[in-house]
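What follows is final31.txt (compact mmCIF, C-alpha atoms and all ligand atoms).
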# COMPACT_ATOMS: atom_id res chain seq x y z
CA MET E 22 87.03 114.13 90.73
CA ASP E 23 86.55 117.29 88.69
CA SER E 24 90.17 117.36 87.64
CA LEU E 25 90.11 113.84 86.21
CA GLU E 26 89.43 113.14 82.56
CA GLY E 27 87.86 110.66 80.20
CA ASP E 28 86.33 107.28 81.04
CA LEU E 29 87.54 107.30 84.62
CA LYS E 30 85.94 110.66 85.31
CA ASP E 31 82.65 109.54 83.71
CA LEU E 32 82.62 106.40 85.77
CA LEU E 33 83.33 108.14 89.07
CA MET E 34 80.99 111.04 88.33
CA GLU E 35 78.19 108.58 87.67
CA HIS E 36 78.66 107.23 91.20
CA ARG E 37 79.58 110.52 92.79
CA GLN E 38 76.93 110.48 95.51
CA ALA E 39 77.56 106.83 96.38
CA LEU E 40 81.27 107.56 96.68
CA ILE E 41 80.58 110.45 99.01
CA ASP E 42 78.16 108.38 101.12
CA ARG E 43 80.45 105.38 101.26
CA SER E 44 83.61 107.33 102.00
CA MET E 45 82.61 107.08 105.68
CA ASP E 46 82.17 103.28 105.55
CA PRO E 47 85.60 102.62 107.06
CA ASP E 48 84.59 104.60 110.16
CA ARG E 49 81.29 102.69 110.32
CA ARG E 50 83.10 99.36 110.13
CA LYS E 51 85.03 100.15 113.33
CA ASP E 52 82.19 98.77 115.46
CA ASP E 53 82.10 95.37 113.76
CA GLU E 54 85.78 94.90 112.99
CA PRO E 55 88.17 95.73 115.82
CA GLU E 56 91.17 95.85 113.44
CA GLU E 57 89.47 98.53 111.37
CA PHE E 58 90.04 100.99 114.19
CA LEU E 59 93.79 100.64 113.67
CA ARG E 60 93.58 101.39 109.96
CA HIS E 61 92.96 105.11 110.37
CA PHE E 62 96.24 106.38 111.73
CA ILE E 63 99.95 105.88 112.03
CA ASN E 64 101.78 107.13 115.10
CA LEU E 65 105.02 108.02 113.41
CA ASP E 66 106.42 109.26 116.71
CA GLY E 67 105.94 105.72 118.01
CA TYR E 68 109.06 104.98 115.93
CA GLY E 69 111.52 107.43 117.42
CA HIS E 70 112.18 110.93 116.17
CA PHE E 71 111.66 112.73 112.88
CA PRO E 72 112.35 111.64 110.16
CA PHE E 73 111.84 108.17 111.66
CA THR E 74 114.58 106.43 109.72
CA ASP E 75 114.14 103.26 111.78
CA PHE E 76 110.65 102.81 110.45
CA GLU E 77 110.36 100.31 107.60
CA LEU E 78 107.74 100.67 104.90
CA ASP E 79 107.57 96.95 104.44
CA PHE E 80 105.06 95.61 106.96
CA ARG E 81 106.87 92.34 107.62
CA ARG E 82 110.22 94.01 108.06
CA THR E 83 108.87 96.65 110.39
CA VAL E 84 107.12 93.93 112.42
CA GLN E 85 110.42 92.05 112.66
CA LYS E 86 112.10 95.16 113.91
CA TRP E 87 109.49 96.56 116.26
CA GLY E 88 107.25 93.61 117.10
CA GLU E 89 103.75 93.02 115.84
CA ARG E 90 102.01 94.49 118.85
CA LYS E 91 103.81 97.81 118.63
CA VAL E 92 103.31 98.08 114.88
CA THR E 93 99.59 97.38 115.04
CA GLU E 94 99.08 99.65 118.05
CA ASN E 95 100.82 102.44 116.17
CA GLY E 96 98.26 102.17 113.41
CA THR E 97 98.20 100.44 110.04
CA ILE E 98 96.79 103.10 107.72
CA LEU E 99 99.72 102.95 105.28
CA TRP E 100 99.23 99.28 104.56
CA ALA E 101 95.44 99.57 104.63
CA ALA E 102 95.54 102.35 102.05
CA HIS E 103 98.02 100.39 99.97
CA ARG E 104 95.72 97.34 100.03
CA SER E 105 92.77 99.51 98.98
CA PHE E 106 94.80 100.82 96.06
CA GLU E 107 95.72 97.30 94.90
CA ALA E 108 92.15 96.08 95.35
CA LEU E 109 90.89 99.07 93.39
CA SER E 110 93.18 98.41 90.46
CA GLN E 111 92.08 94.76 90.52
CA ALA E 112 88.44 95.89 90.51
CA PHE E 113 89.13 98.12 87.50
CA ARG E 114 90.76 95.13 85.78
CA ASN E 115 87.66 93.03 86.42
CA GLY E 116 85.27 95.85 85.55
CA ASP E 117 83.45 95.10 88.82
CA SER E 118 81.58 98.30 89.65
CA GLU E 119 80.54 97.24 93.16
CA GLN E 120 84.17 96.54 94.07
CA ILE E 121 85.33 99.71 92.32
CA LEU E 122 82.94 101.71 94.43
CA ARG E 123 83.94 99.95 97.61
CA HIS E 124 87.67 100.35 97.21
CA ALA E 125 87.56 103.83 95.67
CA SER E 126 85.60 105.08 98.67
CA ASP E 127 87.79 103.23 101.19
CA LEU E 128 90.85 104.76 99.56
CA SER E 129 89.30 108.23 99.71
CA HIS E 130 88.79 107.82 103.45
CA TYR E 131 92.29 106.61 104.18
CA VAL E 132 93.91 109.30 102.02
CA ALA E 133 91.88 111.99 103.81
CA ASP E 134 92.90 110.60 107.21
CA LEU E 135 96.55 110.54 106.11
CA HIS E 136 96.39 114.27 105.40
CA GLN E 137 95.06 115.10 108.85
CA PRO E 138 98.18 115.77 110.93
CA LEU E 139 96.62 114.46 114.13
CA HIS E 140 96.32 111.01 112.53
CA THR E 141 100.12 110.69 112.58
CA THR E 142 100.94 111.18 116.24
CA THR E 143 100.58 109.38 119.56
CA ASN E 144 99.31 112.69 120.94
CA TYR E 145 96.37 112.57 118.50
CA ASN E 146 93.92 114.23 120.87
CA GLY E 147 96.27 116.46 122.81
CA GLN E 148 95.98 114.04 125.73
CA LEU E 149 99.74 114.13 126.38
CA THR E 150 99.97 117.92 126.47
CA ALA E 151 96.81 118.87 128.39
CA GLN E 152 95.02 119.90 125.18
CA LEU E 153 92.25 117.36 125.19
CA GLY E 154 89.76 117.58 122.35
CA ILE E 155 92.13 119.14 119.81
CA HIS E 156 91.42 116.34 117.32
CA PHE E 157 87.81 117.32 116.70
CA ARG E 158 88.43 121.04 117.31
CA PHE E 159 90.77 120.98 114.34
CA GLU E 160 89.22 118.32 112.11
CA ILE E 161 85.53 119.03 112.61
CA ASP E 162 84.91 122.38 114.28
CA LEU E 163 87.56 124.47 112.55
CA ALA E 164 87.34 122.79 109.14
CA SER E 165 83.55 122.92 108.94
CA ARG E 166 83.42 126.58 109.94
CA TYR E 167 85.84 127.64 107.22
CA LEU E 168 85.37 125.08 104.47
CA ASP E 169 83.63 127.58 102.21
CA GLN E 170 86.64 129.89 102.42
CA ILE E 171 89.06 127.22 101.27
CA GLN E 172 90.21 127.61 97.67
CA PHE E 173 90.52 124.36 95.80
CA ALA E 174 93.00 124.50 92.92
CA LYS E 175 92.32 122.22 89.97
CA MET E 176 95.40 120.05 89.66
CA PRO E 177 95.50 117.24 87.13
CA ALA E 178 96.08 113.74 88.44
CA ALA E 179 99.76 112.84 88.45
CA ASP E 180 101.89 109.75 88.72
CA LEU E 181 102.98 109.74 92.36
CA GLY E 182 105.56 106.98 91.95
CA GLY E 183 105.74 104.10 94.42
CA ILE E 184 102.41 103.76 96.23
CA LEU E 185 103.60 102.84 99.69
CA ALA E 186 106.39 105.42 99.57
CA SER E 187 104.00 108.15 98.51
CA LEU E 188 101.50 107.21 101.24
CA HIS E 189 104.38 107.39 103.71
CA SER E 190 105.39 110.84 102.54
CA MET E 191 101.78 112.03 102.96
CA ALA E 192 102.03 110.90 106.60
CA LEU E 193 105.41 112.59 107.06
CA GLU E 194 104.08 115.85 105.62
CA SER E 195 101.17 115.62 108.00
CA PHE E 196 103.41 115.00 110.96
CA VAL E 197 105.38 118.22 110.54
CA TRP E 198 102.17 120.20 111.14
CA VAL E 199 101.36 118.54 114.45
CA ASP E 200 103.41 120.95 116.56
CA ASN E 201 101.93 123.93 114.73
CA ILE E 202 98.42 122.82 115.57
CA LEU E 203 99.29 122.16 119.20
CA LEU E 204 101.12 125.46 119.52
CA ALA E 205 98.24 127.43 117.98
CA ASP E 206 95.80 125.77 120.37
CA ARG E 207 97.98 126.57 123.38
CA GLN E 208 98.52 130.18 122.42
CA VAL E 209 94.93 130.91 121.50
CA VAL E 210 93.57 129.28 124.64
CA SER E 211 95.90 131.29 126.84
CA GLN E 212 95.37 134.51 124.92
CA LEU E 213 91.60 134.24 125.25
CA GLY E 214 91.75 132.92 128.80
CA ILE E 215 89.69 129.84 127.95
CA GLU E 216 89.15 127.49 130.89
CA ARG E 217 89.66 124.09 129.31
CA GLU E 218 87.98 122.24 132.18
CA ALA E 219 84.67 123.85 131.30
CA PHE E 220 84.73 122.16 127.88
CA LEU E 221 85.74 118.64 128.78
CA GLY E 222 82.38 116.83 128.50
CA ASP E 223 81.86 114.95 125.29
CA ARG E 224 78.22 113.92 125.57
CA PRO E 225 77.27 116.30 124.11
CA ARG E 226 80.66 117.54 123.03
CA ARG E 227 81.31 121.04 124.39
CA ILE E 228 82.45 123.41 121.69
CA TYR E 229 85.03 126.11 122.40
CA PRO E 230 83.83 129.74 122.02
CA GLU E 231 83.73 131.25 118.53
CA PRO E 232 86.74 133.60 118.95
CA TYR E 233 88.88 130.51 119.51
CA PHE E 234 88.13 129.34 115.97
CA GLU E 235 88.63 132.79 114.48
CA HIS E 236 92.09 132.92 115.99
CA MET E 237 92.86 129.33 115.11
CA PHE E 238 91.95 129.99 111.50
CA GLN E 239 94.39 132.88 111.37
CA TRP E 240 97.13 130.51 112.50
CA LEU E 241 96.09 127.43 110.65
CA GLY E 242 94.06 128.56 107.64
CA SER E 243 97.02 128.11 105.28
CA PRO E 244 98.03 124.63 106.38
CA LEU E 245 94.38 123.59 106.44
CA GLU E 246 93.97 124.75 102.85
CA LEU E 247 97.24 123.12 101.84
CA ARG E 248 96.40 119.75 103.37
CA LEU E 249 92.89 119.72 101.90
CA ASN E 250 94.22 120.56 98.44
CA GLN E 251 96.93 117.95 98.70
CA ALA E 252 94.42 115.34 99.87
CA VAL E 253 92.17 115.97 96.87
CA HIS E 254 95.07 115.89 94.45
CA ARG E 255 96.58 112.71 95.88
CA LEU E 256 93.23 110.97 95.89
CA ASN E 257 92.57 111.86 92.26
CA SER E 258 96.07 110.74 91.40
CA LEU E 259 95.75 107.40 93.21
CA TRP E 260 92.36 106.70 91.63
CA TRP E 261 93.86 107.46 88.25
CA MET E 262 96.97 105.35 88.88
CA ALA E 263 94.82 102.42 90.02
CA TRP E 264 92.74 102.77 86.89
CA VAL E 265 95.82 102.88 84.64
CA LYS E 266 97.31 99.90 86.44
CA GLY E 267 94.10 97.92 86.23
CA THR E 268 93.10 98.68 82.67
CA GLN E 269 96.30 99.26 80.77
CA SER E 270 98.90 96.98 82.25
CA GLY E 271 98.29 94.21 79.74
CA HIS E 272 97.32 91.56 82.32
ZN ZN E 301 89.06 107.58 109.59

Starting from the file, give its structure as structure tokens.
Amino acid sequence: MDSLEGDLKDLLMEHRQALIDRSMDPDRRKDDEPEEFLRHFINLDGYGHFPFTDFELDFRRTVQKWGERKVTENGTILWAAHRSFEALSQAFRNGDSEQILRHASDLSHYVADLHQPLHTTTNYNGQLTAQLGIHFRFEIDLASRYLDQIQFAKMPAADLGGILASLHSMALESFVWVDNILLADRQVVSQLGIEREAFLGDRPRRIYPEPYFEHMFQWLGSPLELRLNQAVHRLNSLWWMAWVKGTQSGH
């Protein structure tokens, strides 16, 4: 938000706290709307191997190719984020601040999820490689411990080009970090002799010992910083593009 300018920045800054509060709404909706659960990830590796050339960006075409069940089970975040973008630009066009707030915060959530590598793989929680719990170890435990050491560069909002294509490339970029995260977790656990079985309970969630996170941050501090910076930049850019589309397209 800080690297935006002009009317858009004023408008978003005015609602800053509401945007932050409501950015978690999509997670809260999961209980009431079963389809919402599917809007937070895309299992790219459900479509073959990198770079997944058999995957179609167009929802209908990919459904024709892979079947509706497979496509929905593999997660619909790309199309959900795209819809939020379109709805946001429509809300800007109508000057409807409630709808602006709603879709700007939804978009922020989906863009953040798209930058988390473990939202792009079938093995999202390490369940296929005996690394259960990696999702929250990386996303919550590691990130929260080191957030104040992350440097955020101020990058001006940019035109990202086609929306769906740029959302897809965010997912692809995420995917290439998956193996790094899994490898770091494997190596650190074996190096420190951590007994995974002792940490399996999730009520309450059992947190790995502190040295685990220190080592993980050495491995993954750079990609963590990169993905967080990219997420912020892409979100600012998409907000700005939606605003331009909604207010200056002459409709
Ligand atoms: Zn989410």

* Which is closest to ligand ZN 301 (chain E) among E:Ala39, E:Ala102, E:Leu25, E:Met262, if we use only C-alpha atoms and all ligand atoms? -> E:Ala102

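When atom CA of E:Leu181 is paired with atom CA of E:Arg255, their separation reads 7.9 Å.
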
* **Pick from E:Phe220, E:Tyr131, E:Phe73, E:Trp100 nearest to E:Asp46, counting all atoms listed in the file** =>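 Using all atoms listed in the file, the shortest distance to E:Asp46 belongs to E:Tyr131.
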
* Name each residue within 12 Å of ligand ZN 301 (chain E), counting all atoms listed in the file, as a VMD selection string. => chain E and resid 44 to 51 57 to 63 96 to 98 101 to 102 126 to 137 139 to 141 156 160

* **Interatomic distance, atom CA of E:Gly69 to atom CA of E:Gly182 (Å, one decimal)** => 26.2 Å

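One finds atom CA of E:Ala186 at 26.0 Å from atom CA of E:Asn115.
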
Would you compute the box with edges along x, y and z of the file around stretch 223-238 of chain E, including every atom the file lists for it and 4 Å extra on each side, and give its centre and edge lengths in Å to one decimal, as AutoDock Vina command-line options?
--center_x 85.1 --center_y 123.8 --center_z 118.5 --size_x 23.6 --size_y 27.7 --size_z 22.1

Generate the missing atoms of stretch 128-162 of chain E up to N, CA and C atoms and report them as a PDB file, keeping the file's coordinate frame.
ATOM      1  N   LEU E 128      89.599 104.042  99.808  1.00  0.00           N
ATOM      2  CA  LEU E 128      90.850 104.760  99.560  1.00  0.00           C
ATOM      3  C   LEU E 128      90.670 106.253  99.845  1.00  0.00           C
ATOM      4  N   SER E 129      89.526 106.803  99.472  1.00  0.00           N
ATOM      5  CA  SER E 129      89.300 108.230  99.710  1.00  0.00           C
ATOM      6  C   SER E 129      89.341 108.520 101.214  1.00  0.00           C
ATOM      7  N   HIS E 130      88.791 107.618 101.997  1.00  0.00           N
ATOM      8  CA  HIS E 130      88.790 107.820 103.450  1.00  0.00           C
ATOM      9  C   HIS E 130      90.210 107.774 104.018  1.00  0.00           C
ATOM     10  N   TYR E 131      90.944 106.757 103.624  1.00  0.00           N
ATOM     11  CA  TYR E 131      92.290 106.610 104.180  1.00  0.00           C
ATOM     12  C   TYR E 131      93.201 107.765 103.739  1.00  0.00           C
ATOM     13  N   VAL E 132      93.067 108.202 102.501  1.00  0.00           N
ATOM     14  CA  VAL E 132      93.910 109.300 102.020  1.00  0.00           C
ATOM     15  C   VAL E 132      93.556 110.590 102.787  1.00  0.00           C
ATOM     16  N   ALA E 133      92.281 110.807 103.034  1.00  0.00           N
ATOM     17  CA  ALA E 133      91.880 111.990 103.810  1.00  0.00           C
ATOM     18  C   ALA E 133      92.469 111.909 105.224  1.00  0.00           C
ATOM     19  N   ASP E 134      92.340 110.755 105.862  1.00  0.00           N
ATOM     20  CA  ASP E 134      92.900 110.600 107.210  1.00  0.00           C
ATOM     21  C   ASP E 134      94.409 110.853 107.219  1.00  0.00           C
ATOM     22  N   LEU E 135      95.088 110.374 106.175  1.00  0.00           N
ATOM     23  CA  LEU E 135      96.550 110.540 106.110  1.00  0.00           C
ATOM     24  C   LEU E 135      96.963 111.999 106.014  1.00  0.00           C
ATOM     25  N   HIS E 136      96.068 112.842 105.521  1.00  0.00           N
ATOM     26  CA  HIS E 136      96.390 114.270 105.400  1.00  0.00           C
ATOM     27  C   HIS E 136      96.033 115.069 106.637  1.00  0.00           C
ATOM     28  N   GLN E 137      95.395 114.411 107.600  1.00  0.00           N
ATOM     29  CA  GLN E 137      95.060 115.100 108.850  1.00  0.00           C
ATOM     30  C   GLN E 137      96.247 114.884 109.794  1.00  0.00           C
ATOM     31  N   PRO E 138      96.974 115.941 110.106  1.00  0.00           N
ATOM     32  CA  PRO E 138      98.180 115.770 110.930  1.00  0.00           C
ATOM     33  C   PRO E 138      97.958 114.942 112.190  1.00  0.00           C
ATOM     34  N   LEU E 139      96.822 115.130 112.844  1.00  0.00           N
ATOM     35  CA  LEU E 139      96.620 114.460 114.130  1.00  0.00           C
ATOM     36  C   LEU E 139      96.335 112.955 113.973  1.00  0.00           C
ATOM     37  N   HIS E 140      96.362 112.460 112.740  1.00  0.00           N
ATOM     38  CA  HIS E 140      96.320 111.010 112.530  1.00  0.00           C
ATOM     39  C   HIS E 140      97.714 110.414 112.430  1.00  0.00           C
ATOM     40  N   THR E 141      98.750 111.212 112.712  1.00  0.00           N
ATOM     41  CA  THR E 141     100.120 110.690 112.580  1.00  0.00           C
ATOM     42  C   THR E 141     100.903 110.782 113.880  1.00  0.00           C
ATOM     43  N   THR E 142     100.218 110.999 114.983  1.00  0.00           N
ATOM     44  CA  THR E 142     100.940 111.180 116.240  1.00  0.00           C
ATOM     45  C   THR E 142     100.272 110.452 117.407  1.00  0.00           C
ATOM     46  N   THR E 143     101.089 109.998 118.333  1.00  0.00           N
ATOM     47  CA  THR E 143     100.580 109.380 119.560  1.00  0.00           C
ATOM     48  C   THR E 143      99.707 110.379 120.335  1.00  0.00           C
ATOM     49  N   ASN E 144     100.044 111.634 120.226  1.00  0.00           N
ATOM     50  CA  ASN E 144      99.310 112.690 120.940  1.00  0.00           C
ATOM     51  C   ASN E 144      98.139 113.190 120.088  1.00  0.00           C
ATOM     52  N   TYR E 145      97.378 112.244 119.531  1.00  0.00           N
ATOM     53  CA  TYR E 145      96.370 112.570 118.500  1.00  0.00           C
ATOM     54  C   TYR E 145      95.229 113.421 119.024  1.00  0.00           C
ATOM     55  N   ASN E 146      95.014 113.410 120.346  1.00  0.00           N
ATOM     56  CA  ASN E 146      93.920 114.230 120.870  1.00  0.00           C
ATOM     57  C   ASN E 146      94.414 115.225 121.909  1.00  0.00           C
ATOM     58  N   GLY E 147      95.706 115.516 121.843  1.00  0.00           N
ATOM     59  CA  GLY E 147      96.270 116.460 122.810  1.00  0.00           C
ATOM     60  C   GLY E 147      96.306 115.927 124.233  1.00  0.00           C
ATOM     61  N   GLN E 148      96.083 114.615 124.381  1.00  0.00           N
ATOM     62  CA  GLN E 148      95.980 114.040 125.730  1.00  0.00           C
ATOM     63  C   GLN E 148      97.316 114.045 126.470  1.00  0.00           C
ATOM     64  N   LEU E 149      98.427 114.146 125.730  1.00  0.00           N
ATOM     65  CA  LEU E 149      99.740 114.130 126.380  1.00  0.00           C
ATOM     66  C   LEU E 149     100.226 115.532 126.732  1.00  0.00           C
ATOM     67  N   THR E 150      99.512 116.543 126.251  1.00  0.00           N
ATOM     68  CA  THR E 150      99.970 117.920 126.470  1.00  0.00           C
ATOM     69  C   THR E 150      98.853 118.798 127.059  1.00  0.00           C
ATOM     70  N   ALA E 151      97.919 118.143 127.743  1.00  0.00           N
ATOM     71  CA  ALA E 151      96.810 118.870 128.390  1.00  0.00           C
ATOM     72  C   ALA E 151      96.028 119.725 127.391  1.00  0.00           C
ATOM     73  N   GLN E 152      95.778 119.161 126.203  1.00  0.00           N
ATOM     74  CA  GLN E 152      95.020 119.900 125.180  1.00  0.00           C
ATOM     75  C   GLN E 152      93.898 119.025 124.634  1.00  0.00           C
ATOM     76  N   LEU E 153      93.262 118.340 125.560  1.00  0.00           N
ATOM     77  CA  LEU E 153      92.250 117.360 125.190  1.00  0.00           C
ATOM     78  C   LEU E 153      91.191 117.952 124.249  1.00  0.00           C
ATOM     79  N   GLY E 154      90.817 117.168 123.266  1.00  0.00           N
ATOM     80  CA  GLY E 154      89.760 117.580 122.350  1.00  0.00           C
ATOM     81  C   GLY E 154      90.266 118.250 121.085  1.00  0.00           C
ATOM     82  N   ILE E 155      91.592 118.428 120.971  1.00  0.00           N
ATOM     83  CA  ILE E 155      92.130 119.140 119.810  1.00  0.00           C
ATOM     84  C   ILE E 155      91.802 118.425 118.502  1.00  0.00           C
ATOM     85  N   HIS E 156      91.677 117.099 118.559  1.00  0.00           N
ATOM     86  CA  HIS E 156      91.420 116.340 117.320  1.00  0.00           C
ATOM     87  C   HIS E 156      90.155 116.851 116.615  1.00  0.00           C
ATOM     88  N   PHE E 157      89.061 116.869 117.326  1.00  0.00           N
ATOM     89  CA  PHE E 157      87.810 117.320 116.700  1.00  0.00           C
ATOM     90  C   PHE E 157      87.762 118.842 116.575  1.00  0.00           C
ATOM     91  N   ARG E 158      88.407 119.577 117.481  1.00  0.00           N
ATOM     92  CA  ARG E 158      88.430 121.040 117.310  1.00  0.00           C
ATOM     93  C   ARG E 158      89.041 121.408 115.975  1.00  0.00           C
ATOM     94  N   PHE E 159      90.111 120.678 115.611  1.00  0.00           N
ATOM     95  CA  PHE E 159      90.770 120.980 114.340  1.00  0.00           C
ATOM     96  C   PHE E 159      90.012 120.350 113.157  1.00  0.00           C
ATOM     97  N   GLU E 160      89.750 119.054 113.272  1.00  0.00           N
ATOM     98  CA  GLU E 160      89.220 118.320 112.110  1.00  0.00           C
ATOM     99  C   GLU E 160      87.765 118.651 111.810  1.00  0.00           C
ATOM    100  N   ILE E 161      86.966 118.822 112.837  1.00  0.00           N
ATOM    101  CA  ILE E 161      85.530 119.030 112.610  1.00  0.00           C
ATOM    102  C   ILE E 161      85.158 120.498 112.789  1.00  0.00           C
ATOM    103  N   ASP E 162      85.421 121.042 113.974  1.00  0.00           N
ATOM    104  CA  ASP E 162      84.910 122.380 114.280  1.00  0.00           C
ATOM    105  C   ASP E 162      85.545 123.451 113.410  1.00  0.00           C
TER     106      ASP E 162
END
